[in-house]
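Below is one structure; the comments refer to it alone.
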Amino acid sequence: MTVDWGLLAEKLPDVLAASGVTVAVWAASAVLGVALGAAVAVARRFGPRPVDLALKLFVEVLRGSPFLVQLFLLYFGGPFIGLSLDPIPAGLLALTLYGSAYYSEIVRAGFAAVPAGHVEAAACLGFTRAQTVLRIQVPEMAVLVLPALVNMTVLLLKETAVLSVITVPELTLEISAIGSETYRFVEALTLLALFYWGLVEACGGLGRLAEARLSRFRFAGP
Amino acid sequence: MSLTLLALLVRAAGLTVAISGVSIALGLALGLFVSVASLSRRRLVSVPARVYVSFFRGVPLLVQLLLIYNLLPAAGIDVPGVVAAVVGLTLCTSAYQAENLRGGFLSVPRGLLEAADMAGLGAVQQFRRIRVPIAVALTLPTLVSEAIMILKASSLVSVVGVVELTRMAQDLASSTYRPLPMFATAGALYLAIDWTVAGLGHALERRARWGRA
Amino acid sequence: MTAPGESAAGGTALSVRGLVKRFGAHEVLSGIDLDVPAGRVTCLIGPSGSGKSTLLRCMAFLEEAGAGTILVGGEPLGFAETPQGRRRLPPARIRAVRASIGMVFQQFNLWPHMTALGNVTEALRVVRRMGRAEAEAKGLAQLRKVGLEDRAGHYPAQLSGGQQQRVAIARSLALEPRIMLFDEPTSSLDPELTGEVLDVMRGLAADGMTMVVVSHEIGFAASVGEQVAFLDGGRILLHGSPRDVFGKPRHPRLERFLDTYLDRGAAMLA
């Protein structure tokens, strides 16, 4: 078994384009997922009880079923209810919804982790509720939930590989195609695995760096 | 949804449970081994264990499955898809369980082991009687959520041709031209299984509380 | 009281010679000599950081000293002096010597996943290979001795601190040690729970158990201790009967140490 580097070099432009799709879909779904997840968490915490229960169901269903099934349901089932999406938008939407369920739980845990005394102190000092959320709860919580956020975002990167199943032209699809075209499946997949591994490790490293910077004040004082 | 179709899906769900259950059990055993290796003071043992954990946590399961599915025949090992699926899921979950158990072992209070030293328990006895039960109990919630992750991730073995729940739903969706009910039913079956496992997990956690409130 | 150097067989249960222990650059024990007389209570007192707990942990071989020897019933613990120098003994030898030592910890260190009886019988079953019925009979007898037979089926989390410490004492006694070491056994207990533990220890002393106790309970040291050693800065500063050590005129360092404790007590009353 030898690696035909020349052949792979020839395919480099396609590979680069596909990694662009992977990174773009990942970044977009992470940003949108965090935004939607935060909205869900805030609505559940401050909204009326029926909203909380409805959103709890949304979260539990998305967290309890496989992403692949959700993707199939949206992509193949969507057209039957008038929702015909191309692979990329379908993949992006599914990934955003899936991510938002997990992100919302992380934000919820963050709200719970901020000591009640800090919120009470803000109230005593005359902060409005919005000011308390924005100036006290969100910054404190950001530090507490950062590791979980990084973890989930890395998970989302790995989940983008599943989008190949509905022919989103991302890296796994492209590399598999090259592999079967050239009968160099194992070599191609090995390189693919190394690419994801490197990216995941880099993200983890960046996350730890950010954590170290942000958590300066956590250990200050008694 | 006719009863025949539902029965097909339920039977396929049985395969999903079987594949996941076997992988979780094997992965736990392998993960225990890897976590102990990763805590070794010999770098020759701990570094490979950490690379193993990093690799299998860093590569998408789908890519791992495709790799194993293609690697085994290339290496002259001809196994049915189900076996390749179990191997892939086991390797992946063992890395997560190893990382989890590593944290558990590190959280076992030193004093409990000193007490065991004084009672004359040897290293192996301490491992079996003190360290493993306490590490597993400390990490039980994470172990249960990892089991649920694997149940869901087992849907990916459909891609390498194993006709478990997701693949069955896919096949029925294309043969009946009714993807919505098929995938919705499959999703509901996954939810039922996951919630059952979560319930069992909570019961286990209650048992492993040893009198704590 | 036994003076250092005199080691009549049967008279001395444990003897320490020239013990030195460093943590990094910091010398915690700077040459300790101490004889523990058999059947008597030896109390180690001193300010925190004086090295008294480290000395006790060396006697249990939970810490390995950098120099010096410890003899338990005449047998070297952990290290032996040979013509080639100091050498670590094989684990089986260490276990054999350590089997005659029981240890009671400040934090109890009961195994949380076993009941009180389970904690007491664990080593009997696993190490001594005793049958279940025999081990449990023995375990229950030990729990009865510390007044907790009716708590045999309780998990540590279901017991008060004082009860946990009494179970821990029973766990050690079940292995029939010749020497019992106590590392601040009442320090993590609420004041109203220290009495029940001290009572058990008094009972043991009355039965003739050889005990070494690190404690801030000066009253216990003065009333039960046959021998008191006051440690400061890694050395034994004062050493003798409670009357010798606590009697006036007192060493200024001891005076300051006792003042701190009296102040603390006064603060509690205020």
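Just so we're on the same page: first chain in the structure tokens is A, next is B, and so on; residues restart at 1 for each chain, and ligands are numbered from 1 in the order they show up.
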
I'd like the neighbourhood of stretch 177-184 of chain C as a ChimeraX atom specification, where a residue qualifies if any of its atoms comes within 6 Å (using only C-alpha atoms), though same-chain residues fewer than 4 positions away should be ignored. /C:100-106,210-215

Quick check: residues of chain B within 9 Å of chain A, only C-alpha atoms, returned as number ranges by chain. B: 54-64, 66-68, 70-71, 74, 148-149, 151-156, 159, 166, 169-170, 173, 178-184, 186-195

Contacts of A:Gly37 at 6 Å or less, counting only C-alpha atoms, minus same-chain residues fewer than 2 places along, as a PyMOL selection string? chain A and resi 33-35+39-40+100+103-104

Using only C-alpha atoms, I'd like a table of the residues in chain B that come within 9 Å of chain C; for each, show the closest atom pair and its distance in Å rounded to one decimal, ordered by chain and ascending number, as CSV.
residue,atom,partner,partner_atom,distance
B:Pro109,CA,C:Asn109,CA,8.4
B:Arg110,CA,C:Asn109,CA,8.8
B:Gly111,CA,C:Asn109,CA,5.5
B:Leu112,CA,C:Asn109,CA,5.0
B:Leu113,CA,C:Asn109,CA,8.4
B:Glu114,CA,C:Leu62,CA,7.0
B:Ala115,CA,C:Asn109,CA,6.3
B:Ala116,CA,C:Ala123,CA,8.2
B:Asp117,CA,C:Leu62,CA,8.2
B:Met118,CA,C:Gly102,CA,6.5
B:Ala119,CA,C:Ala123,CA,5.8
B:Gly120,CA,C:Arg95,CA,6.4
B:Leu121,CA,C:Val127,CA,6.1
B:Gly122,CA,C:Val127,CA,8.2
B:Gln125,CA,C:Val126,CA,7.6
B:Arg129,CA,C:Glu122,CA,9.0
B:Ile130,CA,C:Trp111,CA,7.4
B:Pro133,CA,C:His113,CA,7.6
B:Ile134,CA,C:His113,CA,7.2
B:Ala208,CA,C:His113,CA,7.7
B:Arg209,CA,C:His113,CA,8.2
B:Trp210,CA,C:His113,CA,5.8
B:Gly211,CA,C:Ala157,CA,5.5
B:Arg212,CA,C:Ala157,CA,5.4
B:Ala213,CA,C:Ala157,CA,8.3

Fewer than 4 positions away in the same chain doesn't count, so skip those; otherwise give me all residues within 9 Å of B:Thr93, counting only C-alpha atoms, as a ChimeraX atom specification. /B:23-24,27-28,31,56-57,88-89,97-98,146-147,149-150

Residues of the last selection are to be written out with N, CA and C atoms, as a short mmCIF file (atom, residue, chain, number, x, y, z; two decimals), in the first residue's frame.
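Output contents, as saved in result-v3.cif:
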data_model
loop_
_atom_site.label_atom_id
_atom_site.label_comp_id
_atom_site.auth_asym_id
_atom_site.auth_seq_id
_atom_site.Cartn_x
_atom_site.Cartn_y
_atom_site.Cartn_z
N SER B 23 -21.15 -2.59 21.96
CA SER B 23 -20.07 -1.62 21.81
C SER B 23 -19.81 -0.88 23.11
N ILE B 24 -20.88 -0.54 23.83
CA ILE B 24 -20.71 0.20 25.09
C ILE B 24 -19.99 -0.68 26.11
N GLY B 27 -16.47 -1.16 24.93
CA GLY B 27 -15.80 0.14 25.01
C GLY B 27 -15.46 0.51 26.44
N LEU B 28 -16.33 0.10 27.37
CA LEU B 28 -16.07 0.41 28.78
C LEU B 28 -14.85 -0.37 29.26
N GLY B 31 -11.90 1.09 27.54
CA GLY B 31 -11.68 2.44 28.08
C GLY B 31 -11.03 2.39 29.45
N PHE B 56 -9.18 9.15 18.62
CA PHE B 56 -10.54 8.66 18.46
C PHE B 56 -11.59 9.68 18.91
N ARG B 57 -11.15 10.66 19.71
CA ARG B 57 -12.07 11.75 20.04
C ARG B 57 -12.01 12.87 19.01
N GLY B 88 -15.82 -0.21 15.18
CA GLY B 88 -15.74 1.25 15.08
C GLY B 88 -16.35 1.94 16.29
N LEU B 89 -17.56 1.52 16.66
CA LEU B 89 -18.23 2.16 17.80
C LEU B 89 -17.45 1.91 19.09
N GLN B 97 -14.77 7.08 27.05
CA GLN B 97 -14.90 6.50 28.39
C GLN B 97 -13.56 6.51 29.11
N ALA B 98 -12.46 6.36 28.35
CA ALA B 98 -11.14 6.41 28.97
C ALA B 98 -10.90 7.79 29.57
N GLU B 146 -22.71 9.12 27.78
CA GLU B 146 -21.88 8.56 26.70
C GLU B 146 -22.60 7.36 26.06
N ALA B 147 -23.26 6.55 26.88
CA ALA B 147 -24.01 5.41 26.34
C ALA B 147 -25.10 5.92 25.40
N MET B 149 -25.04 8.78 23.75
CA MET B 149 -24.36 9.27 22.54
C MET B 149 -24.10 8.13 21.57
N ILE B 150 -23.65 6.98 22.12
CA ILE B 150 -23.33 5.85 21.24
C ILE B 150 -24.59 5.27 20.61
#

Residue set, stretch 1-201 of chain A restricted to alpha helix (DSSP H), as a ChimeraX atom specification: /A:5-10,12-46,49-64,67-72,87-113,116-124,129-131,138-159,171-182,185-201

Between atom CA of C:Leu204 and atom CA of C:Gly73, what is the spacing in Å?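 Atom CA of C:Gly73 sits 19.6 Å away from atom CA of C:Leu204.
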
Spatial neighbours of stretch 86-89 of chain A, max dist 8 Å, only C-alpha atoms, sep filter under 6 positions, as a ChimeraX atom specification: /A:25,75,166-169

Would you mind exporting N, CA and C atoms of the selected residues as a PDB file, in the first residue's frame?
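Generated file (result.pdb):
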ATOM      1  N   VAL A  25     -19.681  25.874   6.772  1.00  0.00           N
ATOM      2  CA  VAL A  25     -20.915  25.314   7.345  1.00  0.00           C
ATOM      3  C   VAL A  25     -20.770  25.177   8.864  1.00  0.00           C
ATOM      4  N   TYR A  75     -34.337  16.673   5.078  1.00  0.00           N
ATOM      5  CA  TYR A  75     -33.937  16.708   3.671  1.00  0.00           C
ATOM      6  C   TYR A  75     -34.888  15.886   2.789  1.00  0.00           C
ATOM      7  N   ILE A 166     -26.035  13.495   2.716  1.00  0.00           N
ATOM      8  CA  ILE A 166     -27.033  14.118   1.835  1.00  0.00           C
ATOM      9  C   ILE A 166     -26.338  14.961   0.751  1.00  0.00           C
ATOM     10  N   THR A 167     -25.109  14.554   0.398  1.00  0.00           N
ATOM     11  CA  THR A 167     -24.341  15.123  -0.713  1.00  0.00           C
ATOM     12  C   THR A 167     -24.015  16.611  -0.575  1.00  0.00           C
ATOM     13  N   VAL A 168     -23.832  17.079   0.679  1.00  0.00           N
ATOM     14  CA  VAL A 168     -23.240  18.407   0.843  1.00  0.00           C
ATOM     15  C   VAL A 168     -21.775  18.261   0.409  1.00  0.00           C
ATOM     16  N   PRO A 169     -21.305  19.121  -0.507  1.00  0.00           N
ATOM     17  CA  PRO A 169     -19.947  18.912  -1.053  1.00  0.00           C
ATOM     18  C   PRO A 169     -18.854  19.333  -0.074  1.00  0.00           C
TER      19      PRO A 169
END

So how far away is atom CA of A:Leu171 from atom CA of A:Val15, in Å?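 According to the coordinates, atom CA of A:Val15 and atom CA of A:Leu171 are separated by 6.7 Å.
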
Write out as a tab-separated table the residues of stretch 24-65 of chain A that have any atom within 10 Å of an atom of stretch 143-153 of chain A, one row each with the nearest atom pair and its distance in Å to one decimal, counting only C-alpha atoms, sorted by chain and then rising number.
residue	atom	partner	partner_atom	distance
A:Trp26	CA	A:Thr153	CA	8.4
A:Ala27	CA	A:Thr153	CA	8.8
A:Ser29	CA	A:Thr153	CA	9.2
A:Ala30	CA	A:Thr153	CA	6.3
A:Val31	CA	A:Thr153	CA	9.4
A:Gly33	CA	A:Thr153	CA	9.4
A:Val34	CA	A:Leu149	CA	8.7

Please write the residues from the selection above to a file, keeping N, CA and C atoms, as a CSV table (one decimal), in the first residue's frame.
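Saved as result02.csv:
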chain,number,residue,atom,x,y,z
A,26,TRP,N,-19.6,24.7,9.3
A,26,TRP,CA,-19.3,24.6,10.7
A,26,TRP,C,-19.4,25.9,11.4
A,27,ALA,N,-18.7,26.9,10.9
A,27,ALA,CA,-18.7,28.2,11.6
A,27,ALA,C,-20.1,28.8,11.6
A,29,SER,N,-23.0,27.3,11.4
A,29,SER,CA,-24.0,26.6,12.3
A,29,SER,C,-23.6,26.8,13.8
A,30,ALA,N,-22.3,27.0,14.0
A,30,ALA,CA,-21.9,27.3,15.4
A,30,ALA,C,-22.4,28.6,15.9
A,31,VAL,N,-22.2,29.7,15.0
A,31,VAL,CA,-22.7,31.0,15.4
A,31,VAL,C,-24.2,31.0,15.5
A,33,GLY,N,-26.2,28.5,15.9
A,33,GLY,CA,-26.6,27.6,16.9
A,33,GLY,C,-26.5,28.2,18.3
A,34,VAL,N,-25.4,28.9,18.6
A,34,VAL,CA,-25.2,29.6,19.9
A,34,VAL,C,-26.3,30.7,20.0

My list of candidates is B:Val53, B:Leu44, B:Leu6, B:Val86. Which is closest to B:Val157 when distances are computed with only C-alpha atoms?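 Ranked by minimum distance to B:Val157, first place goes to B:Val86.
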
As an mmCIF file with all heavy atoms, in the first residue's frame, please: the residues near C:Val36 (cut-off 8 Å, only C-alpha atoms, same-chain neighbours under 3 positions excluded).
data_model
loop_
_atom_site.group_PDB
_atom_site.id
_atom_site.type_symbol
_atom_site.label_atom_id
_atom_site.label_comp_id
_atom_site.auth_asym_id
_atom_site.auth_seq_id
_atom_site.Cartn_x
_atom_site.Cartn_y
_atom_site.Cartn_z
ATOM 1 N N THR C 2 10.966 5.951 78.336
ATOM 2 C CA THR C 2 12.181 5.320 77.849
ATOM 3 C C THR C 2 13.078 6.376 77.229
ATOM 4 O O THR C 2 12.642 7.123 76.364
ATOM 5 C CB THR C 2 11.863 4.264 76.785
ATOM 6 O OG1 THR C 2 10.713 3.544 77.216
ATOM 7 C CG2 THR C 2 13.009 3.320 76.597
ATOM 8 N N THR C 12 10.226 -1.409 74.127
ATOM 9 C CA THR C 12 10.037 -0.407 73.076
ATOM 10 C C THR C 12 9.304 -1.033 71.896
ATOM 11 O O THR C 12 9.764 -2.012 71.312
ATOM 12 C CB THR C 12 11.399 0.137 72.612
ATOM 13 O OG1 THR C 12 12.060 0.698 73.744
ATOM 14 C CG2 THR C 12 11.220 1.199 71.552
ATOM 15 N N ALA C 13 8.163 -0.459 71.550
ATOM 16 C CA ALA C 13 7.383 -1.007 70.441
ATOM 17 C C ALA C 13 7.890 -0.477 69.111
ATOM 18 O O ALA C 13 7.885 -1.181 68.101
ATOM 19 C CB ALA C 13 5.906 -0.651 70.612
ATOM 20 N N LEU C 14 8.317 0.772 69.133
ATOM 21 C CA LEU C 14 8.740 1.393 67.878
ATOM 22 C C LEU C 14 9.823 2.401 68.206
ATOM 23 O O LEU C 14 9.699 3.142 69.183
ATOM 24 C CB LEU C 14 7.528 2.085 67.235
ATOM 25 C CG LEU C 14 7.657 2.757 65.861
ATOM 26 C CD1 LEU C 14 6.323 2.704 65.137
ATOM 27 C CD2 LEU C 14 8.126 4.200 65.980
ATOM 28 N N SER C 15 10.897 2.393 67.422
ATOM 29 C CA SER C 15 11.907 3.398 67.694
ATOM 30 C C SER C 15 12.341 4.096 66.414
ATOM 31 O O SER C 15 12.439 3.481 65.356
ATOM 32 C CB SER C 15 13.093 2.782 68.434
ATOM 33 O OG SER C 15 13.870 2.031 67.551
ATOM 34 N N ARG C 40 1.943 1.893 76.133
ATOM 35 C CA ARG C 40 1.766 3.239 76.669
ATOM 36 C C ARG C 40 1.277 4.175 75.573
ATOM 37 O O ARG C 40 1.321 3.845 74.393
ATOM 38 C CB ARG C 40 3.098 3.787 77.213
ATOM 39 C CG ARG C 40 3.769 2.896 78.213
ATOM 40 C CD ARG C 40 3.040 2.970 79.554
ATOM 41 N NE ARG C 40 3.428 1.910 80.454
ATOM 42 C CZ ARG C 40 4.516 1.951 81.225
ATOM 43 N NH1 ARG C 40 5.313 2.984 81.155
ATOM 44 N NH2 ARG C 40 4.796 0.966 82.032
ATOM 45 N N THR C 42 1.883 7.699 73.645
ATOM 46 C CA THR C 42 2.829 8.766 73.355
ATOM 47 C C THR C 42 2.076 9.852 72.585
ATOM 48 O O THR C 42 1.415 9.549 71.590
ATOM 49 C CB THR C 42 3.987 8.245 72.488
ATOM 50 O OG1 THR C 42 4.644 7.203 73.208
ATOM 51 C CG2 THR C 42 4.965 9.351 72.144
ATOM 52 N N THR C 210 -0.533 0.079 72.638
ATOM 53 C CA THR C 210 0.522 1.047 72.347
ATOM 54 C C THR C 210 -0.030 2.079 71.375
ATOM 55 O O THR C 210 -0.535 1.710 70.309
ATOM 56 C CB THR C 210 1.725 0.339 71.695
ATOM 57 O OG1 THR C 210 2.125 -0.739 72.517
ATOM 58 C CG2 THR C 210 2.875 1.307 71.478
ATOM 59 N N VAL C 212 0.325 6.091 69.479
ATOM 60 C CA VAL C 212 1.000 7.362 69.214
ATOM 61 C C VAL C 212 -0.082 8.302 68.686
ATOM 62 O O VAL C 212 -0.762 7.979 67.714
ATOM 63 C CB VAL C 212 2.129 7.224 68.180
ATOM 64 C CG1 VAL C 212 2.838 8.561 67.994
ATOM 65 C CG2 VAL C 212 3.114 6.143 68.602
#

Taking 6 positions as the minimum chain separation for residues in the same chain, which residues sit within 9 Å of C:Arg86 when counting only C-alpha atoms? Answer as a list of chain:residue names. C:Ala67, C:Gly68, C:Phe79, C:Ala80

Output for the residues just chosen: C-alpha atoms as a compact mmCIF listing (two decimals), in the first residue's frame:
# COMPACT_ATOMS: atom_id res chain seq x y z
CA ALA C 67 17.41 9.34 56.02
CA GLY C 68 17.22 7.54 59.34
CA PHE C 79 14.38 0.86 54.61
CA ALA C 80 17.23 -1.19 55.99

Suppose you want the space between atom CA of A:Ala101 and atom CA of A:Val59; what is it in Å? 4.7 Å
